[in-house]
Amino acid sequence: KPSSRRRKRKGPSATARQNARAIVLASRSQSSSHPAGELVLGLDLSLAGTGVVLLGQDSDGPVIVAHALLQTSSSERPGKLPAPSGRVSGKTYRGSTSQRIRWIGNSVKHLCERYGDDICLVSIENHGFAATGAGKSQLGELHGVVKDRLLDVGIPWTVWSSMTLKKTATGDGHASKAEMIQAAKRKGFKACHNDDEADAFWAAQHAMNQMFPF
C-alpha cells in the first residue's frame, strides 16, 4: 500500500555544503578584514559555470574575500530518468538540469549563510535576452531558484545588464570577455582567469560603487 506520508523537503545537499566551504577557502590567503555588513556578493549565473565573487572594500580598493566557479554538466540521457541525486566529479557537479539548478542555488545559499549579516547585498548580472530555446528557459529557472534561496536567507539583490557592467569595467558597453578579465585583474582581482568570475566581480564592484561612491 503506498505511504500517505508526505516527503519532507530536503535542505542543501552535502555536496552543496562542501562546495560552499571550498568557496570560503578559495581566498583565505588574501586579506579578509572588512566592516561588518559591507560585503557584496557578485553572481554571473550560468548552468555550465556560475561565477561567484564576494567583495569587500578598504582604503586601498576592492578586497576579494572569496571567489569560485561553480561548474556543472549534464548527465541526462534520452529515455532515462535522472538518478535520485547528482554527483560531483572532480570540480564539476553532474546531474539533470533540475538537479544542477538546485545545486547552484543551494551552494549560493550556503555561502550566504556562512557569511551571514556581513553580506548586505547580492548583485547579479542579468541573463541575455537574445538567448532562445531551452537555454533561455533554463537560465530563467536558474535565476528564479537563486532568488528563492536569497529570500530564504533574507538578503536583498539587484540585477544589472551586461552592457552596464561592461561600461563600468572598461568604458565600453561592448567589451570582449578577454577585456573584462584584464580589467578585473587591473582592479585587483589577480586570480581572475575566466569571464564568469570576471563578470561576477564587476557585478559586485558596480553595486559597491553605487553604495559607496566616494
# chains A, B, ... in the order shown; residues from 1 in each chain; ligands from 1

call {"tool": "residues_around", "arguments": {"residues": "Ala191 (chain A)", "least_positions_apart": "4", "cutoff": "10 Å", "atoms": "only C-alpha atoms", "output": "list in words"}}
result
Ser27, Ile64, His67, Ile181, Ala184, Lys185, Glu197 and Ala198 of chain A

call {"tool": "atom_distance", "arguments": {"atom1": "CA of Gly49 (chain A)", "atom2": "CA of Leu150 (chain A)"}}
result
19.2 Å

call {"tool": "residues_around", "arguments": {"residues": "region 73-78 of chain A", "least_positions_apart": "5", "cutoff": "9 Å", "atoms": "only C-alpha atoms", "output": "number ranges by chain"}}
result
A: 47-49, 83, 86, 92-97, 100

call {"tool": "write_last_selection", "arguments": {"atoms": "all heavy atoms", "output": "compact mmCIF listing (two decimals), in the first residue's frame"}}
result
# COMPACT_ATOMS: atom_id res chain seq x y z
N LEU A 47 24.38 27.71 -16.12
CA LEU A 47 24.40 26.29 -15.78
C LEU A 47 25.78 25.68 -15.95
O LEU A 47 26.21 24.86 -15.14
CB LEU A 47 23.39 25.53 -16.65
CG LEU A 47 21.97 25.38 -16.11
CD1 LEU A 47 21.13 24.58 -17.09
CD2 LEU A 47 21.97 24.72 -14.75
N ALA A 48 26.49 26.06 -16.98
CA ALA A 48 27.82 25.48 -17.23
C ALA A 48 28.84 25.96 -16.22
O ALA A 48 29.65 25.17 -15.71
CB ALA A 48 28.29 25.81 -18.64
N GLY A 49 28.82 27.26 -15.89
CA GLY A 49 29.79 27.80 -14.95
C GLY A 49 29.29 29.08 -14.34
O GLY A 49 29.24 30.12 -15.02
N ALA A 83 19.14 10.11 -12.11
CA ALA A 83 19.41 9.48 -10.82
C ALA A 83 18.77 10.33 -9.71
O ALA A 83 18.55 11.52 -9.90
CB ALA A 83 20.92 9.37 -10.60
N GLY A 86 22.42 14.05 -8.01
CA GLY A 86 23.58 14.19 -8.87
C GLY A 86 24.85 13.82 -8.11
O GLY A 86 24.81 13.33 -6.98
N THR A 92 33.44 19.33 -10.93
CA THR A 92 32.20 19.55 -11.67
C THR A 92 31.06 18.72 -11.09
O THR A 92 31.22 17.53 -10.84
CB THR A 92 32.38 19.19 -13.16
OG1 THR A 92 33.43 19.99 -13.71
CG2 THR A 92 31.10 19.44 -13.94
N TYR A 93 29.91 19.36 -10.87
CA TYR A 93 28.72 18.65 -10.43
C TYR A 93 27.98 18.15 -11.66
O TYR A 93 27.74 18.91 -12.61
CB TYR A 93 27.81 19.59 -9.62
CG TYR A 93 26.51 18.96 -9.20
CD1 TYR A 93 26.42 18.24 -8.01
CD2 TYR A 93 25.36 19.07 -10.00
CE1 TYR A 93 25.22 17.65 -7.63
CE2 TYR A 93 24.17 18.48 -9.62
CZ TYR A 93 24.11 17.77 -8.43
OH TYR A 93 22.92 17.19 -8.06
N ARG A 94 27.60 16.87 -11.66
CA ARG A 94 26.90 16.27 -12.79
C ARG A 94 25.51 15.82 -12.37
O ARG A 94 25.35 15.17 -11.34
CB ARG A 94 27.70 15.09 -13.34
CG ARG A 94 29.11 15.47 -13.77
CD ARG A 94 29.85 14.31 -14.43
NE ARG A 94 31.25 14.66 -14.64
CZ ARG A 94 31.70 15.38 -15.65
NH1 ARG A 94 30.85 15.84 -16.55
NH2 ARG A 94 32.99 15.66 -15.78
N GLY A 95 24.53 16.17 -13.15
CA GLY A 95 23.16 15.78 -12.84
C GLY A 95 22.21 16.23 -13.93
O GLY A 95 22.64 16.74 -14.98
N SER A 96 20.92 16.07 -13.68
CA SER A 96 19.92 16.55 -14.63
C SER A 96 19.88 18.08 -14.56
O SER A 96 20.45 18.69 -13.66
CB SER A 96 18.55 15.98 -14.27
OG SER A 96 18.10 16.53 -13.04
N THR A 97 19.18 18.69 -15.49
CA THR A 97 19.08 20.15 -15.50
C THR A 97 18.51 20.66 -14.18
O THR A 97 19.02 21.61 -13.58
CB THR A 97 18.20 20.62 -16.67
OG1 THR A 97 18.82 20.23 -17.90
CG2 THR A 97 18.02 22.12 -16.65
N ARG A 100 21.07 20.33 -11.36
CA ARG A 100 22.13 21.31 -11.48
C ARG A 100 21.66 22.69 -11.00
O ARG A 100 22.38 23.39 -10.28
CB ARG A 100 22.60 21.39 -12.94
CG ARG A 100 23.26 20.11 -13.41
CD ARG A 100 23.29 20.03 -14.93
NE ARG A 100 24.18 21.02 -15.53
CZ ARG A 100 24.17 21.33 -16.82
NH1 ARG A 100 23.29 20.74 -17.64
NH2 ARG A 100 25.02 22.22 -17.29

call {"tool": "closest_residue", "arguments": {"among": "A:Met163, A:Leu151, A:Val52, A:Cys120", "to": "Ile104 (chain A)", "atoms": "only C-alpha atoms"}}
result
A:Val52

call {"tool": "closest_residue", "arguments": {"among": "A:Gln57, A:Ser176, A:Ser161, A:Ser137", "to": "Asn209 (chain A)", "atoms": "only C-alpha atoms"}}
result
A:Gln57

call {"tool": "atom_distance", "arguments": {"atom1": "CA of Ala207 (chain A)", "atom2": "CA of Leu41 (chain A)"}}
result
9.3 Å

call {"tool": "atom_distance", "arguments": {"atom1": "CA of Asp44 (chain A)", "atom2": "CA of Glu125 (chain A)"}}
result
5.4 Å

call {"tool": "select_by_dssp", "arguments": {"residues": "region 128-165 of chain A", "states": "alpha helix (DSSP H)", "output": "list in words"}}
result
Gly133, Ala134, Gly135, Lys136, Ser137, Gln138, Leu139, Gly140, Glu141, Leu142, His143, Gly144, Val145, Val146, Lys147, Asp148, Arg149, Leu150, Leu151, Asp152, Val153, Ser162, Met163, Thr164 and Leu165 of chain A

call {"tool": "residues_around", "arguments": {"residues": "Asp60 (chain A)", "least_positions_apart": "2", "cutoff": "12 Å", "atoms": "only C-alpha atoms", "output": "compact mmCIF listing (two decimals) with all heavy atoms, in the first residue's frame"}}
result
# COMPACT_ATOMS: atom_id res chain seq x y z
N SER A 31 43.55 39.08 1.99
CA SER A 31 43.03 39.84 3.12
C SER A 31 41.53 39.65 3.23
O SER A 31 40.81 39.73 2.24
CB SER A 31 43.34 41.33 2.94
OG SER A 31 42.67 42.10 3.91
N GLY A 56 34.73 42.91 -0.70
CA GLY A 56 34.74 43.94 0.34
C GLY A 56 35.48 45.16 -0.19
O GLY A 56 35.89 45.20 -1.34
N GLN A 57 35.66 46.14 0.67
CA GLN A 57 36.31 47.38 0.25
C GLN A 57 37.11 47.93 1.41
O GLN A 57 36.66 47.92 2.55
CB GLN A 57 35.25 48.41 -0.20
CG GLN A 57 35.80 49.63 -0.87
CD GLN A 57 35.91 49.48 -2.37
OE1 GLN A 57 35.51 48.46 -2.93
NE2 GLN A 57 36.46 50.48 -3.04
N ASP A 58 38.34 48.37 1.13
CA ASP A 58 39.10 49.09 2.15
C ASP A 58 39.70 50.33 1.51
O ASP A 58 39.39 50.67 0.36
CB ASP A 58 40.16 48.20 2.81
CG ASP A 58 41.22 47.72 1.83
OD1 ASP A 58 41.36 48.32 0.74
OD2 ASP A 58 41.93 46.75 2.16
N PRO A 62 39.19 47.43 -3.75
CA PRO A 62 38.40 46.22 -3.51
C PRO A 62 39.22 45.11 -2.84
O PRO A 62 40.42 44.99 -3.08
CB PRO A 62 37.96 45.80 -4.91
CG PRO A 62 38.94 46.41 -5.84
CD PRO A 62 39.37 47.69 -5.20
N VAL A 63 38.55 44.34 -2.00
CA VAL A 63 39.16 43.19 -1.33
C VAL A 63 38.37 41.95 -1.72
O VAL A 63 37.17 41.87 -1.47
CB VAL A 63 39.14 43.36 0.20
CG1 VAL A 63 39.69 42.10 0.88
CG2 VAL A 63 39.93 44.58 0.63
N LYS A 187 42.06 45.86 -11.61
CA LYS A 187 41.35 46.40 -10.44
C LYS A 187 41.76 45.70 -9.15
O LYS A 187 41.38 46.11 -8.06
CB LYS A 187 39.84 46.28 -10.67
CG LYS A 187 38.98 47.03 -9.68
CD LYS A 187 39.12 48.53 -9.82
CE LYS A 187 38.14 49.27 -8.90
NZ LYS A 187 38.27 50.73 -8.99
N GLY A 188 42.54 44.61 -9.25
CA GLY A 188 43.00 43.93 -8.06
C GLY A 188 42.64 42.46 -7.96
O GLY A 188 43.10 41.77 -7.06

call {"tool": "residues_around", "arguments": {"residues": "Trp160 (chain A)", "least_positions_apart": "2", "cutoff": "8 Å", "atoms": "only C-alpha atoms", "output": "short mmCIF file (atom, residue, chain, number, x, y, z; two decimals) with N, CA and C atoms, in the first residue's frame"}}
result
data_model
loop_
_atom_site.label_atom_id
_atom_site.label_comp_id
_atom_site.auth_asym_id
_atom_site.auth_seq_id
_atom_site.Cartn_x
_atom_site.Cartn_y
_atom_site.Cartn_z
N SER A 123 24.57 41.09 -5.96
CA SER A 123 24.50 41.80 -7.23
C SER A 123 24.63 40.79 -8.37
N ILE A 124 23.65 40.75 -9.25
CA ILE A 124 23.55 39.70 -10.28
C ILE A 124 23.60 40.30 -11.67
N GLU A 125 24.43 39.70 -12.53
CA GLU A 125 24.39 40.09 -13.94
C GLU A 125 23.15 39.44 -14.56
N ASN A 126 22.35 40.25 -15.24
CA ASN A 126 21.13 39.73 -15.85
C ASN A 126 21.47 38.80 -17.01
N THR A 158 20.10 42.87 -6.42
CA THR A 158 19.88 43.80 -7.52
C THR A 158 20.40 43.16 -8.79
N SER A 162 24.33 43.30 -18.80
CA SER A 162 25.71 43.04 -19.20
C SER A 162 26.38 44.30 -19.72
N THR A 164 25.80 47.42 -18.89
CA THR A 164 26.13 48.31 -17.77
C THR A 164 27.43 47.90 -17.10
N LEU A 165 27.60 46.59 -16.88
CA LEU A 165 28.81 46.10 -16.22
C LEU A 165 30.04 46.28 -17.11
N ALA A 203 29.95 42.73 -11.35
CA ALA A 203 28.61 42.90 -10.77
C ALA A 203 28.72 43.40 -9.34
#

call {"tool": "closest_residue", "arguments": {"among": "A:Arg114, A:Lys109, A:Arg102, A:His193", "to": "Glu141 (chain A)", "atoms": "only C-alpha atoms"}}
result
A:Arg102

call {"tool": "select_by_dssp", "arguments": {"residues": "region 63-196 of chain A", "states": "strand (DSSP E or B)", "output": "MDAnalysis selection string"}}
result
chainID A and resid 63:74 87:89 92:95 119:125 157:160

call {"tool": "write_last_selection", "arguments": {"atoms": "C-alpha atoms", "output": "PDB file, in the first residue's frame"}}
result
ATOM      1  CA  VAL A  63      39.159  43.193  -1.328  1.00  0.00           C
ATOM      2  CA  ILE A  64      38.381  39.725  -2.706  1.00  0.00           C
ATOM      3  CA  VAL A  65      37.065  37.811   0.297  1.00  0.00           C
ATOM      4  CA  ALA A  66      36.101  34.668  -1.647  1.00  0.00           C
ATOM      5  CA  HIS A  67      35.622  33.557  -5.234  1.00  0.00           C
ATOM      6  CA  ALA A  68      34.723  30.410  -7.164  1.00  0.00           C
ATOM      7  CA  LEU A  69      33.452  28.955 -10.417  1.00  0.00           C
ATOM      8  CA  LEU A  70      30.511  26.596  -9.842  1.00  0.00           C
ATOM      9  CA  GLN A  71      30.796  24.165 -12.750  1.00  0.00           C
ATOM     10  CA  THR A  72      28.079  21.691 -13.725  1.00  0.00           C
ATOM     11  CA  SER A  73      27.429  19.369 -16.661  1.00  0.00           C
ATOM     12  CA  SER A  74      24.524  17.231 -17.776  1.00  0.00           C
ATOM     13  CA  ARG A  87      27.240  13.714  -8.111  1.00  0.00           C
ATOM     14  CA  VAL A  88      30.463  15.681  -8.042  1.00  0.00           C
ATOM     15  CA  SER A  89      33.184  14.507 -10.418  1.00  0.00           C
ATOM     16  CA  THR A  92      32.196  19.552 -11.666  1.00  0.00           C
ATOM     17  CA  TYR A  93      28.716  18.655 -10.430  1.00  0.00           C
ATOM     18  CA  ARG A  94      26.898  16.275 -12.795  1.00  0.00           C
ATOM     19  CA  GLY A  95      23.157  15.776 -12.842  1.00  0.00           C
ATOM     20  CA  ILE A 119      26.667  40.362   3.230  1.00  0.00           C
ATOM     21  CA  CYS A 120      24.462  43.395   2.665  1.00  0.00           C
ATOM     22  CA  LEU A 121      23.583  42.813  -0.995  1.00  0.00           C
ATOM     23  CA  VAL A 122      23.775  40.279  -3.823  1.00  0.00           C
ATOM     24  CA  SER A 123      24.497  41.802  -7.232  1.00  0.00           C
ATOM     25  CA  ILE A 124      23.549  39.696 -10.276  1.00  0.00           C
ATOM     26  CA  GLU A 125      24.390  40.087 -13.940  1.00  0.00           C
ATOM     27  CA  TRP A 157      19.522  41.509  -4.545  1.00  0.00           C
ATOM     28  CA  THR A 158      19.878  43.802  -7.516  1.00  0.00           C
ATOM     29  CA  VAL A 159      20.240  42.966 -11.216  1.00  0.00           C
ATOM     30  CA  TRP A 160      22.363  44.753 -13.837  1.00  0.00           C
TER      31      TRP A 160
END

call {"tool": "residues_around", "arguments": {"residues": "Val145 (chain A)", "least_positions_apart": "6", "cutoff": "12 Å", "atoms": "only C-alpha atoms", "output": "PDB file with N, CA and C atoms, in the first residue's frame"}}
result
ATOM      1  N   LEU A  45      25.312  34.101 -13.324  1.00  0.00           N
ATOM      2  CA  LEU A  45      24.639  32.803 -13.272  1.00  0.00           C
ATOM      3  C   LEU A  45      24.632  32.110 -14.630  1.00  0.00           C
ATOM      4  N   SER A  98      17.434  20.031 -13.703  1.00  0.00           N
ATOM      5  CA  SER A  98      16.813  20.468 -12.446  1.00  0.00           C
ATOM      6  C   SER A  98      17.752  20.291 -11.264  1.00  0.00           C
ATOM      7  N   GLN A  99      18.514  19.197 -11.244  1.00  0.00           N
ATOM      8  CA  GLN A  99      19.462  18.961 -10.157  1.00  0.00           C
ATOM      9  C   GLN A  99      20.591  19.980 -10.177  1.00  0.00           C
ATOM     10  N   ARG A 100      21.065  20.326 -11.356  1.00  0.00           N
ATOM     11  CA  ARG A 100      22.134  21.314 -11.479  1.00  0.00           C
ATOM     12  C   ARG A 100      21.665  22.685 -10.996  1.00  0.00           C
ATOM     13  N   ILE A 101      20.445  23.050 -11.373  1.00  0.00           N
ATOM     14  CA  ILE A 101      19.891  24.328 -10.932  1.00  0.00           C
ATOM     15  C   ILE A 101      19.756  24.355  -9.415  1.00  0.00           C
ATOM     16  N   ARG A 102      19.235  23.277  -8.844  1.00  0.00           N
ATOM     17  CA  ARG A 102      19.078  23.212  -7.388  1.00  0.00           C
ATOM     18  C   ARG A 102      20.424  23.273  -6.688  1.00  0.00           C
ATOM     19  N   TRP A 103      21.425  22.575  -7.236  1.00  0.00           N
ATOM     20  CA  TRP A 103      22.751  22.536  -6.618  1.00  0.00           C
ATOM     21  C   TRP A 103      23.406  23.921  -6.594  1.00  0.00           C
ATOM     22  N   ILE A 104      23.293  24.656  -7.694  1.00  0.00           N
ATOM     23  CA  ILE A 104      23.852  26.011  -7.731  1.00  0.00           C
ATOM     24  C   ILE A 104      23.124  26.898  -6.728  1.00  0.00           C
ATOM     25  N   GLY A 105      21.786  26.815  -6.699  1.00  0.00           N
ATOM     26  CA  GLY A 105      21.023  27.622  -5.745  1.00  0.00           C
ATOM     27  C   GLY A 105      21.392  27.321  -4.308  1.00  0.00           C
ATOM     28  N   ASN A 106      21.528  26.037  -3.976  1.00  0.00           N
ATOM     29  CA  ASN A 106      21.884  25.657  -2.610  1.00  0.00           C
ATOM     30  C   ASN A 106      23.313  26.062  -2.254  1.00  0.00           C
ATOM     31  N   SER A 107      24.216  26.017  -3.228  1.00  0.00           N
ATOM     32  CA  SER A 107      25.599  26.431  -2.976  1.00  0.00           C
ATOM     33  C   SER A 107      25.662  27.922  -2.659  1.00  0.00           C
ATOM     34  N   VAL A 108      24.920  28.730  -3.416  1.00  0.00           N
ATOM     35  CA  VAL A 108      24.867  30.173  -3.151  1.00  0.00           C
ATOM     36  C   VAL A 108      24.249  30.436  -1.779  1.00  0.00           C
ATOM     37  N   LYS A 109      23.181  29.709  -1.473  1.00  0.00           N
ATOM     38  CA  LYS A 109      22.524  29.892  -0.178  1.00  0.00           C
ATOM     39  C   LYS A 109      23.467  29.568   0.974  1.00  0.00           C
ATOM     40  N   GLN A 138      16.026  27.667 -19.227  1.00  0.00           N
ATOM     41  CA  GLN A 138      16.871  27.159 -18.145  1.00  0.00           C
ATOM     42  C   GLN A 138      17.532  28.292 -17.368  1.00  0.00           C
ATOM     43  N   LEU A 139      17.980  29.328 -18.084  1.00  0.00           N
ATOM     44  CA  LEU A 139      18.562  30.482 -17.397  1.00  0.00           C
ATOM     45  C   LEU A 139      17.524  31.176 -16.526  1.00  0.00           C
ATOM     46  N   LEU A 151      15.759  34.786  -0.814  1.00  0.00           N
ATOM     47  CA  LEU A 151      14.611  35.089   0.050  1.00  0.00           C
ATOM     48  C   LEU A 151      14.682  34.267   1.333  1.00  0.00           C
ATOM     49  N   ASP A 152      15.136  33.013   1.224  1.00  0.00           N
ATOM     50  CA  ASP A 152      15.262  32.150   2.403  1.00  0.00           C
ATOM     51  C   ASP A 152      16.203  32.761   3.440  1.00  0.00           C
TER      52      ASP A 152
END
